[in-house]
$ cat protein-v2.txt   # compact mmCIF, C-alpha atoms and all ligand atoms
# COMPACT_ATOMS: atom_id res chain seq x y z
CA MET A 1 -8.43 -20.29 -11.45
CA PHE A 2 -4.91 -19.89 -12.90
CA SER A 3 -3.91 -21.59 -16.15
CA ASP A 4 -2.03 -24.90 -16.19
CA TYR A 5 0.70 -23.13 -18.14
CA LEU A 6 1.29 -20.60 -15.35
CA ILE A 7 1.16 -23.18 -12.57
CA ASP A 8 3.72 -25.31 -14.37
CA PHE A 9 5.96 -22.33 -15.20
CA LEU A 10 5.86 -20.45 -11.87
CA PRO A 11 8.07 -22.75 -9.77
CA ARG A 12 10.63 -22.89 -12.59
CA ALA A 13 10.73 -19.20 -13.48
CA ARG A 14 14.07 -17.58 -12.76
CA THR A 15 12.65 -14.12 -12.10
CA ILE A 16 9.18 -13.06 -11.02
CA VAL A 17 7.82 -9.55 -10.50
CA PHE A 18 4.73 -8.54 -8.53
CA PHE A 19 3.48 -5.04 -9.35
CA THR A 20 0.73 -3.77 -7.08
CA GLY A 21 -1.70 -0.87 -6.81
CA ALA A 22 -4.34 0.31 -4.39
CA GLY A 23 -6.58 -2.72 -5.08
CA ILE A 24 -4.32 -5.05 -3.12
CA SER A 25 -5.01 -3.03 0.03
CA ALA A 26 -8.76 -2.71 -0.61
CA GLU A 27 -9.48 -5.84 1.44
CA SER A 28 -7.55 -4.25 4.31
CA GLY A 29 -10.11 -1.44 4.33
CA ILE A 30 -7.98 1.14 2.53
CA ALA A 31 -9.89 3.03 -0.16
CA THR A 32 -8.63 2.86 -3.73
CA PHE A 33 -8.48 5.98 -5.93
CA ARG A 34 -10.55 5.38 -9.06
CA ASP A 35 -13.20 2.86 -8.00
CA LYS A 36 -16.80 4.04 -7.47
CA ASP A 37 -16.14 4.92 -3.79
CA GLY A 38 -12.49 5.73 -4.42
CA LEU A 39 -10.64 8.70 -2.93
CA TRP A 40 -10.71 10.66 -6.20
CA SER A 41 -14.52 10.44 -6.28
CA LYS A 42 -14.65 12.46 -3.04
CA PHE A 43 -11.45 14.48 -3.00
CA SER A 44 -9.60 16.58 -5.53
CA PRO A 45 -6.13 15.32 -6.50
CA THR A 46 -5.16 18.88 -7.52
CA GLU A 47 -6.00 20.22 -4.06
CA LEU A 48 -4.63 17.32 -2.01
CA ALA A 49 -1.93 15.63 -4.00
CA SER A 50 0.05 18.28 -5.83
CA VAL A 51 2.75 20.83 -5.00
CA GLU A 52 0.34 23.63 -5.96
CA GLY A 53 -2.31 22.20 -3.63
CA PHE A 54 0.15 22.13 -0.74
CA MET A 55 1.39 25.65 -1.44
CA SER A 56 -2.11 27.08 -1.54
CA ASN A 57 -3.35 25.29 1.59
CA PRO A 58 -0.71 23.22 3.44
CA GLN A 59 -2.96 22.74 6.48
CA ARG A 60 -5.74 21.15 4.39
CA VAL A 61 -3.29 18.78 2.72
CA TRP A 62 -1.65 17.86 6.03
CA GLU A 63 -5.04 17.10 7.63
CA TRP A 64 -5.99 14.82 4.74
CA TYR A 65 -2.78 12.81 5.16
CA GLN A 66 -3.28 12.69 8.93
CA HIS A 67 -6.77 11.32 8.28
CA ARG A 68 -5.37 8.67 5.93
CA ARG A 69 -2.78 7.76 8.58
CA GLN A 70 -5.53 7.29 11.15
CA VAL A 71 -7.35 4.90 8.80
CA LEU A 72 -4.10 3.07 8.07
CA ASP A 73 -3.23 2.81 11.74
CA LYS A 74 -6.24 0.52 12.23
CA ALA A 75 -5.54 -1.57 9.12
CA SER A 76 -3.55 -4.78 8.74
CA PRO A 77 -2.16 -6.63 5.74
CA ASN A 78 -4.58 -9.07 4.09
CA PRO A 79 -3.98 -12.54 2.59
CA GLY A 80 -2.94 -10.95 -0.73
CA HIS A 81 -0.01 -9.15 0.93
CA PHE A 82 0.92 -12.29 2.89
CA ALA A 83 0.82 -14.49 -0.22
CA ILE A 84 3.32 -12.23 -2.02
CA SER A 85 5.60 -12.23 1.01
CA LYS A 86 5.41 -16.04 1.04
CA MET A 87 6.39 -16.15 -2.64
CA GLN A 88 9.45 -14.07 -1.80
CA GLU A 89 10.41 -16.67 0.80
CA LEU A 90 9.80 -19.58 -1.54
CA PHE A 91 11.53 -18.39 -4.69
CA PRO A 92 14.94 -16.77 -5.06
CA ASN A 93 14.27 -13.86 -7.40
CA VAL A 94 10.96 -12.23 -6.64
CA ASP A 95 10.82 -8.45 -6.96
CA LEU A 96 7.95 -6.45 -5.55
CA ILE A 97 7.08 -3.06 -7.02
CA THR A 98 4.27 -1.06 -5.47
CA GLN A 99 2.48 2.19 -6.16
CA ASN A 100 1.05 2.08 -2.65
CA VAL A 101 2.21 4.36 0.13
CA ASP A 102 0.68 2.32 2.97
CA ARG A 103 3.64 0.07 3.85
CA LEU A 104 1.30 -2.93 4.22
CA HIS A 105 3.60 -5.09 2.08
CA GLN A 106 6.41 -4.48 4.57
CA GLN A 107 4.06 -5.21 7.46
CA ALA A 108 3.32 -8.55 5.80
CA GLY A 109 7.05 -9.33 5.82
CA SER A 110 8.08 -8.30 2.30
CA LYS A 111 11.64 -7.05 2.03
CA ASP A 112 13.21 -4.65 -0.50
CA VAL A 113 9.87 -3.28 -1.66
CA ILE A 114 10.34 -0.90 -4.57
CA GLU A 115 8.12 2.05 -3.63
CA LEU A 116 7.35 4.08 -6.73
CA HIS A 117 5.16 6.70 -5.05
CA GLY A 118 6.97 7.05 -1.74
CA ASN A 119 5.24 6.34 1.55
CA ILE A 120 2.77 7.99 3.87
CA ILE A 121 4.62 7.12 7.07
CA THR A 122 7.75 9.30 6.88
CA ASN A 123 7.98 13.05 6.32
CA ARG A 124 10.37 15.65 5.05
CA CYS A 125 10.69 19.40 4.76
CA PHE A 126 8.79 20.96 1.84
CA GLU A 127 11.52 23.61 1.50
CA CYS A 128 14.85 21.87 2.13
CA SER A 129 13.89 18.14 1.96
CA THR A 130 15.54 17.36 5.31
CA PRO A 131 13.87 14.25 6.78
CA TYR A 132 11.62 15.09 9.73
CA THR A 133 12.49 12.67 12.49
CA ALA A 134 10.47 13.86 15.48
CA GLU A 135 7.47 11.77 16.45
CA ILE A 136 4.20 12.73 14.71
CA ASP A 137 0.96 12.36 16.63
CA ILE A 138 -1.43 11.10 13.96
CA ASN A 139 -4.39 12.36 16.00
CA SER A 140 -3.19 15.95 15.96
CA ASN A 141 -3.68 18.31 13.03
CA ASN A 142 -0.70 20.48 13.94
CA LEU A 143 1.42 20.94 10.87
CA PRO A 144 5.05 20.63 12.06
CA ASN A 145 7.95 22.83 10.97
CA CYS A 146 11.38 21.76 9.81
CA GLN A 147 13.95 21.44 12.60
CA LYS A 148 16.56 22.89 10.27
CA CYS A 149 14.98 25.71 8.25
CA GLY A 150 11.53 26.18 9.76
CA GLY A 151 9.81 25.18 6.49
CA LYS A 152 6.55 23.25 6.47
CA ILE A 153 6.65 19.46 6.73
CA ARG A 154 5.09 17.24 4.05
CA PRO A 155 4.62 13.48 3.71
CA ASP A 156 7.21 11.51 1.75
CA VAL A 157 4.75 10.71 -1.04
CA VAL A 158 5.01 11.50 -4.73
CA TRP A 159 2.44 14.07 -5.82
CA PHE A 160 1.02 14.65 -9.30
CA GLY A 161 3.54 16.48 -11.40
CA GLU A 162 6.51 15.31 -9.30
CA MET A 163 9.25 12.99 -10.44
CA LEU A 164 9.30 9.44 -9.11
CA PRO A 165 12.35 8.59 -6.96
CA ALA A 166 14.98 7.90 -9.63
CA ASP A 167 16.44 4.79 -7.99
CA ALA A 168 12.97 3.23 -7.57
CA ILE A 169 11.74 3.75 -11.13
CA THR A 170 15.09 2.72 -12.61
CA LYS A 171 15.15 -0.52 -10.61
CA ALA A 172 11.48 -1.15 -11.40
CA GLN A 173 12.05 -0.76 -15.14
CA GLU A 174 15.11 -2.99 -15.00
CA VAL A 175 13.43 -5.89 -13.19
CA SER A 176 10.27 -5.58 -15.30
CA GLU A 177 12.22 -5.82 -18.55
CA MET A 178 14.21 -8.81 -17.32
CA CYS A 179 11.58 -10.93 -15.60
CA GLU A 180 9.97 -14.13 -16.89
CA ILE A 181 6.62 -13.75 -15.12
CA PHE A 182 5.01 -10.40 -14.26
CA PHE A 183 1.88 -10.03 -12.13
CA THR A 184 -0.04 -6.74 -12.30
CA ILE A 185 -2.37 -6.66 -9.32
CA GLY A 186 -5.06 -4.21 -8.19
CA THR A 187 -4.04 -1.32 -10.37
CA SER A 188 -6.06 0.59 -12.94
CA ALA A 189 -2.80 1.12 -14.86
CA GLU A 190 -3.69 4.73 -15.58
CA VAL A 191 -0.87 6.61 -13.87
CA TYR A 192 2.43 6.87 -15.72
CA PRO A 193 5.27 6.01 -15.67
CA ALA A 194 4.20 3.15 -13.34
CA ALA A 195 1.49 2.00 -15.76
CA ASN A 196 4.11 1.35 -18.40
CA LEU A 197 5.81 -1.42 -16.40
CA PRO A 198 3.48 -4.28 -17.44
CA LEU A 199 4.04 -3.28 -21.07
CA LEU A 200 7.80 -3.14 -20.59
CA ALA A 201 7.62 -6.64 -19.11
CA LYS A 202 5.60 -7.85 -22.09
CA GLN A 203 8.05 -6.32 -24.54
CA GLY A 204 10.86 -8.00 -22.63
CA GLY A 205 9.20 -11.37 -23.20
CA ALA A 206 7.55 -11.94 -19.81
CA TYR A 207 4.31 -13.82 -19.32
CA VAL A 208 2.02 -11.12 -17.91
CA VAL A 209 -0.85 -11.95 -15.55
CA GLU A 210 -3.44 -9.43 -14.38
CA ILE A 211 -5.32 -9.94 -11.10
CA ASN A 212 -8.19 -7.48 -10.87
CA PRO A 213 -11.96 -7.94 -10.55
CA HIS A 214 -12.42 -5.33 -13.29
CA LYS A 215 -11.11 -4.74 -16.78
CA THR A 216 -8.32 -2.17 -17.01
CA GLN A 217 -6.44 -0.17 -19.64
CA ILE A 218 -4.02 -3.05 -20.09
CA SER A 219 -6.31 -6.10 -19.86
CA ASP A 220 -6.22 -6.59 -23.62
CA LYS A 221 -2.44 -6.64 -23.67
CA VAL A 222 -1.75 -9.23 -20.96
CA ASP A 223 -1.49 -13.02 -21.32
CA GLU A 224 -3.88 -14.05 -18.58
CA CYS A 225 -6.62 -12.15 -16.67
CA ILE A 226 -7.87 -13.34 -13.29
CA ARG A 227 -11.13 -11.54 -12.48
CA GLU A 228 -10.98 -11.99 -8.73
CA LEU A 229 -10.05 -10.11 -5.55
CA SER A 230 -6.32 -10.29 -4.90
CA GLY A 231 -6.92 -11.49 -1.33
CA VAL A 232 -8.62 -14.53 -2.82
CA ALA A 233 -6.57 -15.07 -5.99
CA LEU A 234 -3.08 -14.86 -4.49
CA PRO A 235 -3.62 -17.46 -1.73
CA GLU A 236 -5.24 -19.62 -4.42
CA LEU A 237 -2.11 -19.23 -6.55
CA LEU A 238 -0.06 -20.61 -3.65
CA ASN A 239 -2.59 -23.37 -3.18
CA GLN A 240 -2.33 -24.35 -6.86
CA ILE A 241 1.43 -24.76 -6.52
CA GLY A 242 0.90 -26.88 -3.41
CA VAL A 243 1.82 -24.31 -0.73
CA LYS A 244 -0.42 -23.37 2.18
CA LEU A 245 -0.41 -19.74 3.29
P1 LIG B 1 -6.77 2.84 -8.72
O1 LIG B 1 -7.75 3.29 -7.70
O2 LIG B 1 -6.60 3.67 -9.93
O3 LIG B 1 -7.10 1.37 -9.19
C1 LIG B 1 -7.40 0.37 -8.27
C2 LIG B 1 -7.67 -0.91 -9.03
O4 LIG B 1 -7.83 -1.95 -8.08
C3 LIG B 1 -8.94 -0.90 -9.89
O5 LIG B 1 -8.60 -1.34 -11.20
C4 LIG B 1 -9.87 -1.90 -9.19
O6 LIG B 1 -10.66 -2.63 -10.11
C5 LIG B 1 -8.87 -2.80 -8.49
N1 LIG B 1 -9.38 -3.46 -7.27
C6 LIG B 1 -10.26 -3.00 -6.36
N2 LIG B 1 -10.41 -3.87 -5.35
C7 LIG B 1 -9.59 -4.92 -5.62
C8 LIG B 1 -9.25 -6.13 -4.95
N3 LIG B 1 -9.79 -6.46 -3.77
N4 LIG B 1 -8.34 -6.96 -5.53
C9 LIG B 1 -7.76 -6.64 -6.71
N5 LIG B 1 -8.02 -5.51 -7.37
C10 LIG B 1 -8.92 -4.65 -6.85
O7 LIG B 1 -5.36 2.64 -7.94
P2 LIG B 1 -3.88 2.59 -8.54
O8 LIG B 1 -3.87 1.92 -9.86
O9 LIG B 1 -3.01 2.07 -7.47
O10 LIG B 1 -0.79 7.92 -7.02
O11 LIG B 1 -3.59 4.14 -8.73
C11 LIG B 1 -2.34 4.54 -9.15
C12 LIG B 1 -1.95 5.84 -8.50
O12 LIG B 1 -2.99 6.80 -8.64
C13 LIG B 1 -1.76 5.76 -6.99
O13 LIG B 1 -0.49 5.27 -6.62
C14 LIG B 1 -1.94 7.18 -6.57
C15 LIG B 1 -3.15 7.53 -7.40
O14 LIG B 1 -3.30 8.88 -7.71
C16 LIG B 1 -0.17 8.77 -6.21
O15 LIG B 1 -0.54 8.97 -5.08
C17 LIG B 1 1.02 9.43 -6.83
ZN ZN B 2 13.78 22.52 5.99

$ encode --input "protein-v2.txt" --output "C-alpha cells"
Amino acid sequence: MFSDYLIDFLPRARTIVFFTGAGISAESGIATFRDKDGLWSKFSPTELASVEGFMSNPQRVWEWYQHRRQVLDKASPNPGHFAISKMQELFPNVDLITQNVDRLHQQAGSKDVIELHGNIITNRCFECSTPYTAEIDINSNNLPNCQKCGGKIRPDVVWFGEMLPADAITKAQEVSEMCEIFFTIGTSAEVYPAANLPLLAKQGGAYVVEINPHKTQISDKVDECIRELSGVALPELLNQIGVKL
C-alpha cells in the first residue's frame, strides 16, 4: 500500500507530523463536514458555527452542540487513532495536529495534541471567556449562564470567522515547516489556515503523504496518495514497518 521509499524512510525520520481532519473519526461514527452525508449538507455553518449564528439564536446553537456531544459520548477511537498513538510511542518526535474537536485522539492515548479548532468538550463564557467548570448534562438542552458575569455559555470550539488559538497555529506551522515526513489524513484541506499546513511542510522539504479515499484540493501537490480509509491504512503502515497494533 505505502511506497518502499516511505517504509524505508519512516523509521529513520527525525521528525514526523500527522495532520488530521474529520475523516479520521468517520469510522468511529462521527459525521464529517463536506462528504455527501456530511454535517454541512444538512446544517448551516452560518447558523450553527459562527458568532453571528450564536448571537441570533444561542439556544439553537447550544442544542446542536449538545446533540453532537450525545453522538460523541457513544463513540470510541478507531484503529486509525490508535495507530497514530502507537507511532508516538515508537518514535521520538511525532507531532499530532488535528482540526477535530472530538478528543478521540486523546482517548486513543495521544499526548500533546495540537488542537487547531478547539474542542467540543469544554465550555467558556461567550461574554467574558471565563471557563465554565460546572458539570454539563449532555442530555439537557438548558443553556447555562456564566458563574461570573451571567453571560451565555458556548463550547470551546473555533467558529467561522474566529481566530485560531495563537499558540496552536504557531506550533502547528513550526512543526510542519521543520518535519521530514508529513501525513495529511481525512481532511478536505479546504479550511484555512489549517489547509495551508501540508503546503508549508512541502515547502520546508518534507515528504508529504495523503491518506484519504477521495481526491482533495491538495492531492496534486503531495508526494504520495493512499486512497484508503485511515482506519485501514494507518494500521497497515505500522504493519509494513513490522509493528502490530
Ligand atoms: P471535511 O468534511 O471537509 O473533509 C473530510 C475528508 O475526510 C474528506 O476529504 C473525505 O474524503 C475524507 N474521509 C472520509 N472518510 C474517511 C476515512 N474513513 N478515512 C480517511 N478519510 C476519510 O472535514 P475537515 O477537512 O476536517 O471546522 O474540515 C475542516 C474543518 O471544516 C473542520 O475542522 C470544521 C469544518 O467546518 C470548524 O469547525 C472550525
Ligand atoms: Zn462571563

$ residues_around --input "protein-v2.txt" --residues "Pro11 of chain A" --least-positions-apart "3" --cutoff "8 Å" --atoms "only C-alpha atoms" --output "list in words"
Ile7, Asp8, Phe91 and Ile241 of chain A

$ residues_around --input "protein-v2.txt" --residues "Phe126 of chain A" --least-positions-apart "2" --cutoff "6 Å" --atoms "all atoms listed in the file" --output "MDAnalysis selection string"
chainID A and resid 129 152:154

$ residues_near_ligand --input "protein-v2.txt" --ligand "ligand ZN 2 (chain B)" --cutoff "12 Å" --atoms "only C-alpha atoms and all ligand atoms" --output "VMD selection string"
chain A and resid 123 to 133 144 to 154

$ residues_around --input "protein-v2.txt" --residues "Ser219 of chain A" --least-positions-apart "4" --cutoff "10 Å" --atoms "all atoms listed in the file" --output "list in words"
Thr184, Ser188, Ala189, Val208, Val209, Glu210, Ile211, Asn212, His214, Lys215, Asp223, Glu224, Cys225 and Ile226 of chain A

$ residues_near_ligand --input "protein-v2.txt" --ligand "ligand LIG 1 (chain B)" --cutoff "9 Å" --atoms "only C-alpha atoms and all ligand atoms" --output "VMD selection string"
chain A and resid 20 to 28 31 to 35 38 to 40 45 49 to 50 80 98 to 101 116 to 118 157 to 162 164 185 to 192 194 to 195 211 to 217 227 to 233

$ build_atoms --input "protein-v2.txt" --residues "segment 87-98 of chain A" --atoms "all heavy atoms" --output "short mmCIF file (atom, residue, chain, number, x, y, z; two decimals), keeping the file's coordinate frame"
data_model
loop_
_atom_site.label_atom_id
_atom_site.label_comp_id
_atom_site.auth_asym_id
_atom_site.auth_seq_id
_atom_site.Cartn_x
_atom_site.Cartn_y
_atom_site.Cartn_z
N MET A 87 5.71 -15.87 -1.36
CA MET A 87 6.39 -16.15 -2.64
C MET A 87 7.85 -15.70 -2.58
O MET A 87 8.73 -16.34 -3.15
CB MET A 87 5.75 -15.37 -3.79
CG MET A 87 4.36 -15.75 -4.10
SD MET A 87 4.28 -17.21 -5.16
CE MET A 87 2.51 -17.31 -5.31
N GLN A 88 8.08 -14.57 -1.91
CA GLN A 88 9.45 -14.07 -1.80
C GLN A 88 10.31 -15.01 -0.94
O GLN A 88 11.51 -15.09 -1.15
CB GLN A 88 9.46 -12.65 -1.20
CG GLN A 88 8.88 -11.61 -2.15
CD GLN A 88 9.01 -10.19 -1.59
OE1 GLN A 88 8.46 -9.89 -0.55
NE2 GLN A 88 9.72 -9.34 -2.30
N GLU A 89 9.68 -15.67 0.00
CA GLU A 89 10.41 -16.67 0.80
C GLU A 89 10.70 -17.92 -0.01
O GLU A 89 11.75 -18.54 0.11
CB GLU A 89 9.56 -17.13 1.99
CG GLU A 89 9.66 -16.30 3.23
CD GLU A 89 8.60 -16.77 4.24
OE1 GLU A 89 8.32 -17.99 4.33
OE2 GLU A 89 8.03 -15.88 4.89
N LEU A 90 9.72 -18.30 -0.83
CA LEU A 90 9.80 -19.58 -1.54
C LEU A 90 10.77 -19.56 -2.71
O LEU A 90 11.46 -20.53 -2.98
CB LEU A 90 8.43 -19.95 -2.10
CG LEU A 90 7.34 -20.39 -1.14
CD1 LEU A 90 6.03 -20.55 -1.89
CD2 LEU A 90 7.73 -21.72 -0.48
N PHE A 91 10.77 -18.46 -3.45
CA PHE A 91 11.53 -18.39 -4.69
C PHE A 91 12.65 -17.37 -4.57
O PHE A 91 12.50 -16.35 -3.90
CB PHE A 91 10.60 -18.05 -5.87
CG PHE A 91 9.48 -19.04 -6.04
CD1 PHE A 91 8.16 -18.64 -5.93
CD2 PHE A 91 9.74 -20.37 -6.30
CE1 PHE A 91 7.11 -19.55 -6.08
CE2 PHE A 91 8.71 -21.29 -6.46
CZ PHE A 91 7.39 -20.88 -6.35
N PRO A 92 13.77 -17.62 -5.26
CA PRO A 92 14.94 -16.77 -5.06
C PRO A 92 14.83 -15.36 -5.62
O PRO A 92 15.27 -14.41 -4.99
CB PRO A 92 16.06 -17.55 -5.77
CG PRO A 92 15.37 -18.46 -6.72
CD PRO A 92 14.04 -18.75 -6.15
N ASN A 93 14.26 -15.20 -6.79
CA ASN A 93 14.27 -13.86 -7.40
C ASN A 93 12.87 -13.33 -7.62
O ASN A 93 12.33 -13.37 -8.72
CB ASN A 93 15.03 -13.89 -8.72
CG ASN A 93 16.50 -14.09 -8.49
OD1 ASN A 93 17.11 -13.38 -7.70
ND2 ASN A 93 17.06 -15.09 -9.15
N VAL A 94 12.30 -12.82 -6.55
CA VAL A 94 10.96 -12.23 -6.64
C VAL A 94 11.07 -10.75 -6.28
O VAL A 94 11.42 -10.41 -5.16
CB VAL A 94 9.97 -12.93 -5.69
CG1 VAL A 94 8.60 -12.30 -5.80
CG2 VAL A 94 9.91 -14.42 -5.98
N ASP A 95 10.81 -9.89 -7.25
CA ASP A 95 10.82 -8.45 -6.96
C ASP A 95 9.39 -7.96 -6.75
O ASP A 95 8.46 -8.43 -7.42
CB ASP A 95 11.49 -7.69 -8.10
CG ASP A 95 12.99 -7.83 -8.05
OD1 ASP A 95 13.59 -7.33 -7.08
OD2 ASP A 95 13.57 -8.50 -8.94
N LEU A 96 9.26 -7.01 -5.85
CA LEU A 96 7.95 -6.45 -5.55
C LEU A 96 8.00 -4.95 -5.77
O LEU A 96 8.78 -4.23 -5.13
CB LEU A 96 7.58 -6.79 -4.10
CG LEU A 96 6.34 -6.11 -3.52
CD1 LEU A 96 5.10 -6.36 -4.38
CD2 LEU A 96 6.08 -6.63 -2.09
N ILE A 97 7.17 -4.50 -6.70
CA ILE A 97 7.08 -3.06 -7.02
C ILE A 97 5.69 -2.60 -6.60
O ILE A 97 4.71 -3.23 -6.98
CB ILE A 97 7.23 -2.82 -8.54
CG1 ILE A 97 8.48 -3.48 -9.10
CG2 ILE A 97 7.20 -1.33 -8.85
CD1 ILE A 97 8.51 -3.55 -10.63
N THR A 98 5.60 -1.54 -5.85
CA THR A 98 4.27 -1.06 -5.47
C THR A 98 4.09 0.42 -5.74
O THR A 98 5.05 1.19 -5.68
CB THR A 98 3.93 -1.39 -4.00
OG1 THR A 98 2.54 -1.12 -3.78
CG2 THR A 98 4.77 -0.57 -3.02
#
